[in-house]
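A.B. asks: Just passing along the structure, written as structure tokens.
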Amino acid sequence: MDLRSVWASDLDKYIEDHLLPDTRFRKEVKKAIHIICSFLKERCFQGASHRVRVSKVVKGGSSGKGTTLRGRSDADLVVFLENLTSFEDQLEHRGLFITEIKKQLEACPKEKFDVKFRIQNSRWSNPRVLSFVLSSSDLSEEVEFDVLPAFDALGHLTKGYRPSPQIYVKLIQECISWEREGEFSTCFTELQRAFLKQRPTKLKSLIRLVKHWFQLCKEKLGKPLPPQYALELLTVYAWERGSGESEFKMAQGFKTVLRLVIDYRQLCIYWTKYYDFEEPIIGTYLTQQLEKPRPVILDPADPTGNVGGGNPTGWYRLAQEAKAWLKLPCFRKRDGSPVGIWDVPHMADLGTVWPFQQRGYIRTAEDADLWCQNEYQADPLPQEDGNWTCTIL
């Protein structure tokens, strides 16, 4: 069934019937992940020319967060190596470890390893990820993998863990020095996963619905579009500020997320679960991050990762598509009347810690919007709130 023809009252059933992975699928993906994790921890580096120690392998992406879509059998595995002792080490030497992993994977069939691999070659001389497809006689379908070597910046994590501010100070300093903001997000995979993992089941269903919608948009529009992770975080934010309950009306949540996409020029979203403004270097950096042109959506685990920024063209195209979707049955009741929407602010609470509040700081996104409109020869989005061209802090 096409999502475009589903009524608002049927969205929960649609998710259950079409988007939630079935038991067999979950077991097969889990088995595939176990095969690769065991290989990486126990076999991969045995024949390396120098000693390589794997401290842990962490499942990231949708599989790690519990938001996998049915039929999308992909997994991200972050390999934390004791040989990488700093962010700089990861940047300079990750390519060597990817080469070694690839070499060992390709050698597996010769050792009668019951797995077949189709290695996807990278066009970069120092790639950050090794992508391959695993097939096995034990699996009914192939599973796509992304393996990423990383520096273990966090060490051993316990429940409720909050990183030392000095970890983020070092991250910020090195990212600024090399102009590599967001480059080391893999080091914080466990925090990204924890941020979503323990959320209510129905919120994860809403995330799946938004991801499915995003995939439909991607098939229609192609690139450029914002990263899917930005839509996941936007969904969490909409739920936190609009509902916060374990039970809610799915259509309202879905509509709220699409309205926020349409109003992307006003978005300024961040969390203080793992970092905040108290440490001076972090506070100053966060201020600079939040001053950037909208949309701003900071990775809750990595303050250098503005997953909403740098792509006004992609946001404009996605907003146009969202505006068209709001006319469809999935946002209407059976009597034809529109579903409601959560009351969600476009900006996280700013408090009184921002030094530029006293300066009457204003930043406009008008130039970027005009460029996008000329590029695609599309009508501008409606000025529903009357103040969408600037944000006053």
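Note on naming: chains are A, B, ... as they come in the structure tokens, residues start from 1 per chain, ligands start from 1 in the order shown.
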For stretch 91-103 of chain A, work out the shell of residues within 8 Å, counting only C-alpha atoms and skipping chain neighbours fewer than 4 positions away, then give it as number ranges by chain.

C.D. replies: A: 40, 44-45, 48, 84, 87, 107, 119, 125-130, 148-150

A.B. asks: Can you list every residue in stretch 106-324 of chain A that DSSP puts in strand (DSSP E or B), as a PDB file with N, CA and C atoms, in the first residue's frame?

C.D. replies:
```pdb
ATOM      1  N   LYS A 116      30.129 -14.855   1.762  1.00  0.00           N
ATOM      2  CA  LYS A 116      30.625 -14.284   0.512  1.00  0.00           C
ATOM      3  C   LYS A 116      30.519 -12.767   0.596  1.00  0.00           C
ATOM      4  N   PHE A 117      31.504 -12.094   0.034  1.00  0.00           N
ATOM      5  CA  PHE A 117      31.539 -10.649   0.112  1.00  0.00           C
ATOM      6  C   PHE A 117      31.686 -10.039  -1.280  1.00  0.00           C
ATOM      7  N   ARG A 118      30.940  -8.947  -1.492  1.00  0.00           N
ATOM      8  CA  ARG A 118      31.164  -8.114  -2.660  1.00  0.00           C
ATOM      9  C   ARG A 118      31.660  -6.772  -2.126  1.00  0.00           C
ATOM     10  N   ILE A 119      32.959  -6.577  -2.195  1.00  0.00           N
ATOM     11  CA  ILE A 119      33.556  -5.360  -1.661  1.00  0.00           C
ATOM     12  C   ILE A 119      33.242  -4.193  -2.587  1.00  0.00           C
ATOM     13  N   GLN A 120      32.792  -3.092  -2.008  1.00  0.00           N
ATOM     14  CA  GLN A 120      32.542  -1.870  -2.770  1.00  0.00           C
ATOM     15  C   GLN A 120      33.759  -0.966  -2.621  1.00  0.00           C
ATOM     16  N   LEU A 130      34.418   1.472   5.135  1.00  0.00           N
ATOM     17  CA  LEU A 130      34.491   0.349   4.210  1.00  0.00           C
ATOM     18  C   LEU A 130      33.082  -0.210   4.062  1.00  0.00           C
ATOM     19  N   SER A 131      32.560  -0.187   2.842  1.00  0.00           N
ATOM     20  CA  SER A 131      31.214  -0.690   2.571  1.00  0.00           C
ATOM     21  C   SER A 131      31.306  -2.019   1.831  1.00  0.00           C
ATOM     22  N   PHE A 132      30.499  -2.992   2.250  1.00  0.00           N
ATOM     23  CA  PHE A 132      30.477  -4.280   1.564  1.00  0.00           C
ATOM     24  C   PHE A 132      29.125  -4.947   1.789  1.00  0.00           C
ATOM     25  N   VAL A 133      28.873  -5.994   1.025  1.00  0.00           N
ATOM     26  CA  VAL A 133      27.631  -6.748   1.118  1.00  0.00           C
ATOM     27  C   VAL A 133      27.955  -8.169   1.543  1.00  0.00           C
ATOM     28  N   LEU A 134      27.250  -8.668   2.545  1.00  0.00           N
ATOM     29  CA  LEU A 134      27.465 -10.012   3.053  1.00  0.00           C
ATOM     30  C   LEU A 134      26.324 -10.916   2.589  1.00  0.00           C
ATOM     31  N   SER A 135      26.682 -12.068   2.083  1.00  0.00           N
ATOM     32  CA  SER A 135      25.683 -13.089   1.772  1.00  0.00           C
ATOM     33  C   SER A 135      26.172 -14.414   2.334  1.00  0.00           C
ATOM     34  N   VAL A 143      22.963  -8.573   3.345  1.00  0.00           N
ATOM     35  CA  VAL A 143      22.981  -7.490   4.327  1.00  0.00           C
ATOM     36  C   VAL A 143      24.129  -6.548   3.981  1.00  0.00           C
ATOM     37  N   GLU A 144      23.816  -5.271   3.897  1.00  0.00           N
ATOM     38  CA  GLU A 144      24.827  -4.261   3.581  1.00  0.00           C
ATOM     39  C   GLU A 144      25.480  -3.768   4.870  1.00  0.00           C
ATOM     40  N   PHE A 145      26.800  -3.615   4.836  1.00  0.00           N
ATOM     41  CA  PHE A 145      27.548  -3.169   6.001  1.00  0.00           C
ATOM     42  C   PHE A 145      28.385  -1.941   5.675  1.00  0.00           C
ATOM     43  N   ASP A 146      28.485  -1.055   6.648  1.00  0.00           N
ATOM     44  CA  ASP A 146      29.481   0.012   6.666  1.00  0.00           C
ATOM     45  C   ASP A 146      30.326  -0.195   7.917  1.00  0.00           C
ATOM     46  N   VAL A 147      31.628  -0.371   7.740  1.00  0.00           N
ATOM     47  CA  VAL A 147      32.544  -0.556   8.867  1.00  0.00           C
ATOM     48  C   VAL A 147      33.447   0.668   8.957  1.00  0.00           C
ATOM     49  N   LEU A 148      33.512   1.249  10.157  1.00  0.00           N
ATOM     50  CA  LEU A 148      34.256   2.497  10.341  1.00  0.00           C
ATOM     51  C   LEU A 148      35.234   2.364  11.503  1.00  0.00           C
ATOM     52  N   PRO A 149      36.545   2.442  11.254  1.00  0.00           N
ATOM     53  CA  PRO A 149      37.521   2.457  12.352  1.00  0.00           C
ATOM     54  C   PRO A 149      37.438   3.783  13.108  1.00  0.00           C
ATOM     55  N   ALA A 150      37.618   3.727  14.434  1.00  0.00           N
ATOM     56  CA  ALA A 150      37.478   4.958  15.218  1.00  0.00           C
ATOM     57  C   ALA A 150      38.371   4.926  16.448  1.00  0.00           C
ATOM     58  N   CYS A 268      16.369  26.083  15.123  1.00  0.00           N
ATOM     59  CA  CYS A 268      17.611  26.171  15.894  1.00  0.00           C
ATOM     60  C   CYS A 268      17.462  25.204  17.069  1.00  0.00           C
ATOM     61  N   ILE A 269      17.999  23.994  16.915  1.00  0.00           N
ATOM     62  CA  ILE A 269      17.711  22.904  17.840  1.00  0.00           C
ATOM     63  C   ILE A 269      19.009  22.317  18.374  1.00  0.00           C
ATOM     64  N   VAL A 296      19.713  25.063  12.075  1.00  0.00           N
ATOM     65  CA  VAL A 296      20.767  24.525  12.924  1.00  0.00           C
ATOM     66  C   VAL A 296      20.164  23.368  13.712  1.00  0.00           C
ATOM     67  N   ILE A 297      20.715  22.176  13.533  1.00  0.00           N
ATOM     68  CA  ILE A 297      20.328  21.003  14.322  1.00  0.00           C
ATOM     69  C   ILE A 297      21.623  20.334  14.761  1.00  0.00           C
ATOM     70  N   LEU A 298      21.988  20.523  16.015  1.00  0.00           N
ATOM     71  CA  LEU A 298      23.257  19.984  16.501  1.00  0.00           C
ATOM     72  C   LEU A 298      23.096  18.529  16.920  1.00  0.00           C
ATOM     73  N   ASP A 299      24.058  17.711  16.525  1.00  0.00           N
ATOM     74  CA  ASP A 299      24.115  16.325  16.968  1.00  0.00           C
ATOM     75  C   ASP A 299      24.184  16.330  18.491  1.00  0.00           C
ATOM     76  N   ASP A 302      27.640  15.175  19.544  1.00  0.00           N
ATOM     77  CA  ASP A 302      28.833  15.791  18.958  1.00  0.00           C
ATOM     78  C   ASP A 302      28.534  17.244  18.605  1.00  0.00           C
ATOM     79  N   PRO A 303      28.987  18.199  19.425  1.00  0.00           N
ATOM     80  CA  PRO A 303      28.658  19.616  19.180  1.00  0.00           C
ATOM     81  C   PRO A 303      29.241  20.164  17.885  1.00  0.00           C
ATOM     82  N   THR A 304      30.226  19.484  17.299  1.00  0.00           N
ATOM     83  CA  THR A 304      30.793  19.975  16.036  1.00  0.00           C
ATOM     84  C   THR A 304      29.949  19.556  14.834  1.00  0.00           C
ATOM     85  N   GLY A 305      28.956  18.699  15.060  1.00  0.00           N
ATOM     86  CA  GLY A 305      28.142  18.196  13.961  1.00  0.00           C
ATOM     87  C   GLY A 305      26.821  18.927  13.852  1.00  0.00           C
ATOM     88  N   ASN A 306      26.759  19.923  12.963  1.00  0.00           N
ATOM     89  CA  ASN A 306      25.493  20.599  12.664  1.00  0.00           C
ATOM     90  C   ASN A 306      24.850  19.857  11.495  1.00  0.00           C
TER      91      ASN A 306
END
```

A.B. asks: Smallest atom-to-atom distance to A:Asp74: which of A:Leu196, A:Ala32, A:Ile282, A:Ala8, using only C-alpha atoms?

C.D. replies: A:Ala32

A.B. asks: Return as JSON, numbers by chain the full set of residues in stretch 136-304 of chain A whose backbone-based DSSP assignment is helix (DSSP H, G or I).

C.D. replies: {"A": [165, 166, 167, 168, 169, 170, 171, 172, 173, 174, 175, 176, 177, 178, 185, 186, 187, 188, 189, 190, 191, 192, 193, 194, 195, 196, 197, 201, 202, 203, 204, 205, 206, 207, 208, 209, 210, 211, 212, 213, 214, 215, 216, 217, 218, 219, 220, 221, 228, 229, 230, 231, 232, 233, 234, 235, 236, 237, 238, 239, 240, 241, 242, 250, 251, 252, 253, 254, 255, 256, 257, 258, 259, 260, 261, 262, 264, 265, 266, 280, 281, 282, 283, 284, 285, 286, 287, 288, 289, 290]}

A.B. asks: What gap, in Å, lies between atom CA of A:Arg265 and atom CA of A:Pro295?

C.D. replies: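 It comes out at 5.5 Å.
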
A.B. asks: With a cut-off of 12 Å, could you pull out the residues of stretch 38-114 of chain A touching stretch 220-231 of chain A and give me the nearest pair of atoms for each, distance in Å to one decimal, using only C-alpha atoms, ordered by chain and ascending number, as CSV?

C.D. replies:
```
residue,atom,partner,partner_atom,distance
A:Gly61,CA,A:Tyr229,CA,9.2
A:Ser62,CA,A:Tyr229,CA,9.8
A:Lys65,CA,A:Tyr229,CA,11.5
A:Thr67,CA,A:Tyr229,CA,11.5
```

A.B. asks: Provide the atom CA of A:Glu279 to atom CA of A:Ile167 distance in Å, to one decimal place.

C.D. replies: 11.4 Å

A.B. asks: Extract, using only C-alpha atoms, all DNA, RNA and protein residues at most 6 Å from A:Gly60, discarding same-chain residues fewer than 2 positions from it, and format them as JSON, numbers by chain.

C.D. replies: {"A": [64, 76, 77]}

A.B. asks: Write a file of the selected residues as a compact mmCIF listing (two decimals), in the first residue's frame, keeping all heavy atoms.

C.D. replies:
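New file selection11.txt:
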```txt
# COMPACT_ATOMS: atom_id res chain seq x y z
N GLY A 64 21.40 -0.17 15.57
CA GLY A 64 21.78 0.12 16.94
C GLY A 64 20.75 0.93 17.70
O GLY A 64 20.60 0.79 18.92
N ASP A 76 25.62 -0.43 10.47
CA ASP A 76 26.85 0.32 10.67
C ASP A 76 27.59 -0.28 11.86
O ASP A 76 27.00 -0.44 12.93
CB ASP A 76 26.56 1.79 10.95
CG ASP A 76 25.92 2.50 9.77
OD1 ASP A 76 25.94 1.94 8.66
OD2 ASP A 76 25.39 3.61 9.97
N LEU A 77 28.85 -0.62 11.66
CA LEU A 77 29.67 -1.15 12.75
C LEU A 77 30.89 -0.25 12.93
O LEU A 77 31.66 -0.04 11.98
CB LEU A 77 30.11 -2.58 12.45
CG LEU A 77 29.01 -3.64 12.35
CD1 LEU A 77 29.61 -5.00 12.02
CD2 LEU A 77 28.21 -3.71 13.64
```

A.B. asks: Using only C-alpha atoms, which residues sit within 12 Å of A:Lys13 once same-chain residues fewer than 3 positions away are excluded, as a list in words?

C.D. replies: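 My list of contacting residues is Met1, Leu3, Val6, Trp7, Ala8, Ser9, Asp10, Glu16, Asp17, His18, Leu19, Leu20, Ser205, Leu209, Met250 and Ala251 of chain A.
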
A.B. asks: Restricted to all heavy atoms, what would the selected residues look like written as a tab-separated table (two decimals), in the first residue's frame?

C.D. replies:
```tsv
chain	number	residue	atom	x	y	z
A	1	MET	N	0.84	-1.19	0.00
A	1	MET	CA	0.00	0.00	0.00
A	1	MET	C	0.88	1.24	0.00
A	1	MET	O	1.87	1.32	0.71
A	1	MET	CB	-0.92	0.01	1.23
A	1	MET	CG	-1.81	1.23	1.31
A	1	MET	SD	-2.87	1.23	2.78
A	1	MET	CE	-4.00	-0.08	2.33
A	3	LEU	N	1.83	4.93	0.96
A	3	LEU	CA	1.58	5.82	2.08
A	3	LEU	C	0.70	7.00	1.68
A	3	LEU	O	-0.07	7.52	2.49
A	3	LEU	CB	2.91	6.31	2.66
A	3	LEU	CG	2.85	7.29	3.82
A	3	LEU	CD1	2.10	6.71	5.01
A	3	LEU	CD2	4.26	7.72	4.24
A	6	VAL	N	-3.04	6.46	2.47
A	6	VAL	CA	-3.43	5.99	3.80
A	6	VAL	C	-4.07	7.14	4.58
A	6	VAL	O	-3.54	8.24	4.63
A	6	VAL	CB	-2.20	5.45	4.56
A	6	VAL	CG1	-2.58	5.03	5.97
A	6	VAL	CG2	-1.58	4.29	3.81
A	7	TRP	N	-5.21	6.86	5.21
A	7	TRP	CA	-5.88	7.86	6.04
A	7	TRP	C	-5.16	8.01	7.38
A	7	TRP	O	-4.49	7.08	7.85
A	7	TRP	CB	-7.34	7.49	6.26
A	7	TRP	CG	-8.18	7.65	5.04
A	7	TRP	CD1	-8.52	6.68	4.14
A	7	TRP	CD2	-8.77	8.87	4.57
A	7	TRP	NE1	-9.29	7.21	3.12
A	7	TRP	CE2	-9.46	8.56	3.36
A	7	TRP	CE3	-8.79	10.18	5.02
A	7	TRP	CZ2	-10.15	9.51	2.63
A	7	TRP	CZ3	-9.49	11.14	4.29
A	7	TRP	CH2	-10.16	10.81	3.12
A	8	ALA	N	-5.35	9.16	8.01
A	8	ALA	CA	-4.68	9.45	9.28
A	8	ALA	C	-4.94	8.38	10.33
A	8	ALA	O	-4.03	7.95	11.04
A	8	ALA	CB	-5.13	10.82	9.81
A	9	SER	N	-6.17	7.91	10.41
A	9	SER	CA	-6.53	6.92	11.42
A	9	SER	C	-5.90	5.55	11.18
A	9	SER	O	-5.91	4.71	12.08
A	9	SER	CB	-8.06	6.77	11.48
A	9	SER	OG	-8.57	6.39	10.21
A	10	ASP	N	-5.36	5.33	9.98
A	10	ASP	CA	-4.79	4.03	9.63
A	10	ASP	C	-3.27	4.01	9.66
A	10	ASP	O	-2.65	3.00	9.28
A	10	ASP	CB	-5.27	3.61	8.23
A	10	ASP	CG	-6.77	3.39	8.18
A	10	ASP	OD1	-7.35	3.00	9.21
A	10	ASP	OD2	-7.37	3.63	7.11
A	16	GLU	N	2.71	-0.89	11.31
A	16	GLU	CA	2.81	-2.27	11.78
A	16	GLU	C	2.88	-3.26	10.62
A	16	GLU	O	3.67	-4.21	10.64
A	16	GLU	CB	1.62	-2.61	12.67
A	16	GLU	CG	1.67	-4.01	13.25
A	16	GLU	CD	0.49	-4.30	14.16
A	16	GLU	OE1	-0.27	-3.35	14.46
A	16	GLU	OE2	0.34	-5.46	14.57
A	17	ASP	N	2.08	-3.03	9.58
A	17	ASP	CA	1.99	-3.97	8.47
A	17	ASP	C	3.12	-3.83	7.46
A	17	ASP	O	3.48	-4.81	6.79
A	17	ASP	CB	0.65	-3.80	7.74
A	17	ASP	CG	-0.53	-4.23	8.58
A	17	ASP	OD1	-0.31	-4.90	9.60
A	17	ASP	OD2	-1.67	-3.87	8.22
A	18	HIS	N	3.70	-2.61	7.34
A	18	HIS	CA	4.63	-2.38	6.23
A	18	HIS	C	6.02	-1.89	6.64
A	18	HIS	O	6.96	-2.02	5.85
A	18	HIS	CB	4.02	-1.36	5.26
A	18	HIS	CG	2.72	-1.79	4.66
A	18	HIS	ND1	2.65	-2.67	3.59
A	18	HIS	CD2	1.44	-1.49	4.98
A	18	HIS	CE1	1.39	-2.87	3.28
A	18	HIS	NE2	0.62	-2.17	4.10
A	19	LEU	N	6.17	-1.31	7.82
A	19	LEU	CA	7.46	-0.69	8.17
A	19	LEU	C	8.21	-1.41	9.28
A	19	LEU	O	9.44	-1.39	9.31
A	19	LEU	CB	7.24	0.77	8.58
A	19	LEU	CG	6.56	1.67	7.54
A	19	LEU	CD1	6.55	3.12	8.03
A	19	LEU	CD2	7.23	1.57	6.18
A	20	LEU	N	7.50	-2.04	10.22
A	20	LEU	CA	8.18	-2.74	11.31
A	20	LEU	C	8.84	-4.02	10.79
A	20	LEU	O	8.18	-4.80	10.09
A	20	LEU	CB	7.20	-3.09	12.42
A	20	LEU	CG	6.72	-1.95	13.31
A	20	LEU	CD1	5.65	-2.45	14.27
A	20	LEU	CD2	7.87	-1.33	14.08
A	205	SER	N	8.31	4.27	16.17
A	205	SER	CA	7.43	4.04	15.02
A	205	SER	C	7.26	5.32	14.21
A	205	SER	O	7.25	5.30	12.97
A	205	SER	CB	6.06	3.54	15.49
A	205	SER	OG	6.16	2.23	16.02
A	209	LEU	N	8.26	6.05	10.32
A	209	LEU	CA	7.34	6.65	9.35
A	209	LEU	C	8.00	7.84	8.64
A	209	LEU	O	7.92	7.97	7.41
A	209	LEU	CB	6.07	7.10	10.06
A	209	LEU	CG	4.98	7.73	9.18
A	209	LEU	CD1	4.49	6.75	8.12
A	209	LEU	CD2	3.82	8.22	10.05
A	250	MET	N	-0.54	9.38	15.87
A	250	MET	CA	0.56	9.30	14.91
A	250	MET	C	0.47	10.40	13.85
A	250	MET	O	1.48	11.00	13.46
A	250	MET	CB	0.57	7.93	14.25
A	250	MET	CG	1.77	7.66	13.37
A	250	MET	SD	3.34	7.67	14.28
A	250	MET	CE	3.16	6.20	15.29
A	251	ALA	N	-0.72	10.67	13.36
A	251	ALA	CA	-0.88	11.66	12.29
A	251	ALA	C	-0.46	13.05	12.77
A	251	ALA	O	0.12	13.83	12.01
A	251	ALA	CB	-2.32	11.67	11.80
```

A.B. asks: Which residue gives the smallest distance to A:Asp138 among A:Leu234, A:Val29, A:Cys330, A:Ala324, with only C-alpha atoms counted?

C.D. replies: A:Val29

A.B. asks: Pick from A:Glu181, A:Leu328, A:Glu142, A:Ala194: nearest to A:Leu157, with only C-alpha atoms counted?

C.D. replies: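 Ranked by minimum distance to A:Leu157, first place goes to A:Ala194.
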